[in-house]
Amino acid sequence: MSQWAHDTFGQRAPAIRQAVAEALSVALENARDAQRMAQTDHLHPFGFTLMSRKFEALAEAFEDMGDVRIVKPAGSQHELVVLDGRLLFPFRYAKDRSLSVMSARIGDGRPSALVQALFNRFGPEPRMRQLALQGIAPQAVPIAEALGDLPEGTSLVLIAYACNAHAGLLDAWWGEAELLDRTGSLRWHHCEEIPLAQDTPAAYSSTLSLTFDTGDMPTPSLNARTGAERLAPPVSEAAPARSEAAAGE
């Protein structure tokens, strides 16, 4: 367990990390079941089910844990988990293993007003103020007001995962990042892999974490490597891949 996880969640960090992995697995299996039942080649059943179940499964996983609040911002269809002052926000960053999480974008295209508000209010202090939320902050004001009942010290913890209807959950990461621009680009301040429920014990001990305290973030190349191995220094800049979330997430 990393120092960041311990500082963020305390002694409950291992249990919380495992619950996050299990909740994502449940949401993915529910979405794959919906796709199979629909008996269609179109991926709308998978996408729409995943869009809702990723939030619901997290809420179900933590609803009985102490210091938990389940909030539903005005204008949002989904409930968000606030665990001991940490707001958990899951999003799909890729549909396969070709895109590094370091090149992840949040949302498919322009970030929603809710996403903007969450970063504005609860995200980490931007490393480069002139780039942070460039040109999009004013649109976040109405929903930011709806989040006003949450404590000022609440912080945003991102849960990024890759998946598809055929293979299910491929990998998952959590950490803190700032939203850079209207395309959903992120600058990770900290990012580490979440061992998945089906991983072997050896995978837990080999999990790597990265904390970027100084300098520019690396931009990895497209590759077929998996897990924390894909956080190695890049060879060339990667073009962002379009997420399968357009099918309904």
# chains A, B, ... in the order shown; residues from 1 in each chain; ligands from 1

call {"tool": "residues_around", "arguments": {"residues": "segment 10-17 of chain A", "least_positions_apart": "6", "cutoff": "12 Å", "atoms": "only C-alpha atoms", "output": "PyMOL selection string"}}
result
chain A and resi 1-4+23-24+58+61-62+65-68+83-86+88+157+159+172-175+192-197+204

call {"tool": "write_last_selection", "arguments": {"atoms": "N, CA, C and O atoms", "output": "compact mmCIF listing (two decimals), in the first residue's frame"}}
result
# COMPACT_ATOMS: atom_id res chain seq x y z
N MET A 1 0.84 -1.18 0.00
CA MET A 1 0.00 0.00 0.00
C MET A 1 0.89 1.24 0.00
O MET A 1 1.81 1.36 0.81
N SER A 2 0.63 2.16 -0.91
CA SER A 2 1.49 3.33 -1.07
C SER A 2 1.28 4.34 0.04
O SER A 2 0.27 4.32 0.75
N GLN A 3 2.23 5.26 0.17
CA GLN A 3 2.09 6.34 1.16
C GLN A 3 0.92 7.24 0.82
O GLN A 3 0.21 7.73 1.70
N TRP A 4 0.71 7.47 -0.49
CA TRP A 4 -0.43 8.30 -0.90
C TRP A 4 -1.74 7.67 -0.45
O TRP A 4 -2.61 8.35 0.10
N ALA A 23 -16.26 -3.36 -6.86
CA ALA A 23 -17.39 -2.60 -7.38
C ALA A 23 -17.27 -2.42 -8.89
O ALA A 23 -18.26 -2.55 -9.63
N LEU A 24 -16.07 -2.13 -9.38
CA LEU A 24 -15.87 -2.00 -10.82
C LEU A 24 -16.15 -3.32 -11.52
O LEU A 24 -16.77 -3.35 -12.60
N LEU A 58 -20.39 1.44 -6.66
CA LEU A 58 -19.54 2.09 -5.66
C LEU A 58 -20.36 2.48 -4.44
O LEU A 58 -19.92 2.28 -3.29
N ALA A 61 -21.11 -0.51 -2.39
CA ALA A 61 -19.93 -1.07 -1.73
C ALA A 61 -19.60 -0.34 -0.43
O ALA A 61 -19.07 -0.94 0.51
N PHE A 62 -19.93 0.96 -0.37
CA PHE A 62 -19.51 1.76 0.78
C PHE A 62 -20.66 2.27 1.64
O PHE A 62 -20.42 2.99 2.61
N MET A 65 -20.25 1.71 5.38
CA MET A 65 -18.99 2.09 6.00
C MET A 65 -19.13 3.44 6.69
O MET A 65 -19.86 4.32 6.23
N GLY A 66 -18.45 3.62 7.80
CA GLY A 66 -18.52 4.88 8.51
C GLY A 66 -17.94 6.04 7.72
O GLY A 66 -17.10 5.85 6.83
N ASP A 67 -18.38 7.25 8.04
CA ASP A 67 -17.90 8.48 7.39
C ASP A 67 -18.19 8.50 5.89
O ASP A 67 -17.40 9.04 5.11
N VAL A 68 -19.31 7.91 5.50
CA VAL A 68 -19.68 7.88 4.08
C VAL A 68 -20.92 8.74 3.86
O VAL A 68 -21.87 8.70 4.63
N LEU A 83 -16.27 9.56 0.81
CA LEU A 83 -15.77 8.67 1.85
C LEU A 83 -14.73 9.40 2.68
O LEU A 83 -13.62 9.68 2.21
N ASP A 84 -15.11 9.75 3.91
CA ASP A 84 -14.19 10.44 4.82
C ASP A 84 -13.57 11.67 4.15
O ASP A 84 -12.37 11.91 4.22
N GLY A 85 -14.42 12.44 3.47
CA GLY A 85 -13.94 13.66 2.84
C GLY A 85 -13.30 13.47 1.48
O GLY A 85 -12.79 14.44 0.90
N ARG A 86 -13.32 12.25 0.92
CA ARG A 86 -12.75 11.98 -0.40
C ARG A 86 -13.89 11.63 -1.35
O ARG A 86 -14.60 10.65 -1.14
N LEU A 88 -15.19 10.10 -4.58
CA LEU A 88 -14.75 9.11 -5.57
C LEU A 88 -15.47 9.33 -6.89
O LEU A 88 -16.70 9.36 -6.93
N VAL A 157 -10.92 12.17 -5.72
CA VAL A 157 -10.11 11.00 -6.04
C VAL A 157 -10.67 10.38 -7.31
O VAL A 157 -11.82 9.93 -7.34
N ILE A 159 -10.97 7.57 -10.28
CA ILE A 159 -10.82 6.14 -10.51
C ILE A 159 -10.94 5.93 -12.02
O ILE A 159 -12.02 6.01 -12.59
N ALA A 172 -7.34 -0.82 -13.79
CA ALA A 172 -7.93 0.29 -13.05
C ALA A 172 -6.83 1.03 -12.28
O ALA A 172 -5.83 0.42 -11.87
N TRP A 173 -7.03 2.32 -12.12
CA TRP A 173 -6.05 3.18 -11.45
C TRP A 173 -6.81 4.17 -10.58
O TRP A 173 -7.97 4.47 -10.82
N TRP A 174 -6.12 4.71 -9.57
CA TRP A 174 -6.71 5.82 -8.83
C TRP A 174 -5.63 6.82 -8.46
O TRP A 174 -4.44 6.51 -8.48
N GLY A 175 -6.07 8.03 -8.17
CA GLY A 175 -5.12 9.09 -7.86
C GLY A 175 -5.76 10.45 -7.92
O GLY A 175 -6.99 10.59 -7.86
N GLU A 192 -1.74 5.53 -9.37
CA GLU A 192 -1.23 4.20 -9.11
C GLU A 192 -2.28 3.16 -9.47
O GLU A 192 -3.48 3.43 -9.46
N GLU A 193 -1.81 1.97 -9.77
CA GLU A 193 -2.69 0.90 -10.22
C GLU A 193 -3.47 0.29 -9.08
O GLU A 193 -2.97 0.15 -7.95
N ILE A 194 -4.71 -0.08 -9.35
CA ILE A 194 -5.54 -0.83 -8.42
C ILE A 194 -5.51 -2.29 -8.86
O ILE A 194 -5.96 -2.61 -9.96
N PRO A 195 -5.00 -3.18 -8.02
CA PRO A 195 -5.05 -4.61 -8.38
C PRO A 195 -6.50 -5.05 -8.53
O PRO A 195 -7.35 -4.73 -7.70
N LEU A 196 -6.79 -5.76 -9.59
CA LEU A 196 -8.16 -6.17 -9.85
C LEU A 196 -8.51 -7.41 -9.05
O LEU A 196 -7.64 -8.14 -8.59
N ALA A 197 -9.81 -7.65 -8.93
CA ALA A 197 -10.30 -8.76 -8.10
C ALA A 197 -9.77 -10.10 -8.57
O ALA A 197 -9.54 -11.01 -7.78
N TYR A 204 -0.35 -8.02 -6.61
CA TYR A 204 -0.48 -6.99 -5.58
C TYR A 204 0.89 -6.48 -5.17
O TYR A 204 1.10 -5.29 -5.01

call {"tool": "residues_around", "arguments": {"residues": "Tyr161 of chain A", "least_positions_apart": "2", "cutoff": "12 Å", "atoms": "only C-alpha atoms", "output": "ChimeraX atom specification"}}
result
/A:20-21,23-25,27-28,50,54,89-97,99-102,104-106,158-159,163-164,168-175,191-196,227,243,245

call {"tool": "residues_around", "arguments": {"residues": "Pro45 of chain A", "least_positions_apart": "3", "cutoff": "12 Å", "atoms": "only C-alpha atoms", "output": "list of chain:residue names"}}
result
A:Leu28, A:Asn30, A:Ala31, A:Arg32, A:Asp33, A:Ala34, A:Gln35, A:Arg36, A:Met37, A:Ala38, A:Gln39, A:Thr40, A:Asp41, A:His42, A:Phe48, A:Thr49, A:Leu50, A:Met51, A:Ser52, A:Arg53, A:Ala165, A:Ala245, A:Ala246, A:Ala247, A:Gly248, A:Glu249

call {"tool": "select_by_dssp", "arguments": {"residues": "segment 3-127 of chain A", "states": "strand (DSSP E)", "output": "PyMOL selection string"}}
result
chain A and resi 68-71+80-83+86-94

call {"tool": "select_by_dssp", "arguments": {"residues": "segment 4-210 of chain A", "states": "helix (DSSP H, G or I)", "output": "PyMOL selection string"}}
result
chain A and resi 4-38+44-62+101-103+113-122+137-146+201-205

call {"tool": "closest_residue", "arguments": {"among": "A:Leu186, A:Ala162, A:Leu150, A:Ser103", "to": "Arg69 of chain A", "atoms": "only C-alpha atoms"}}
result
A:Leu150
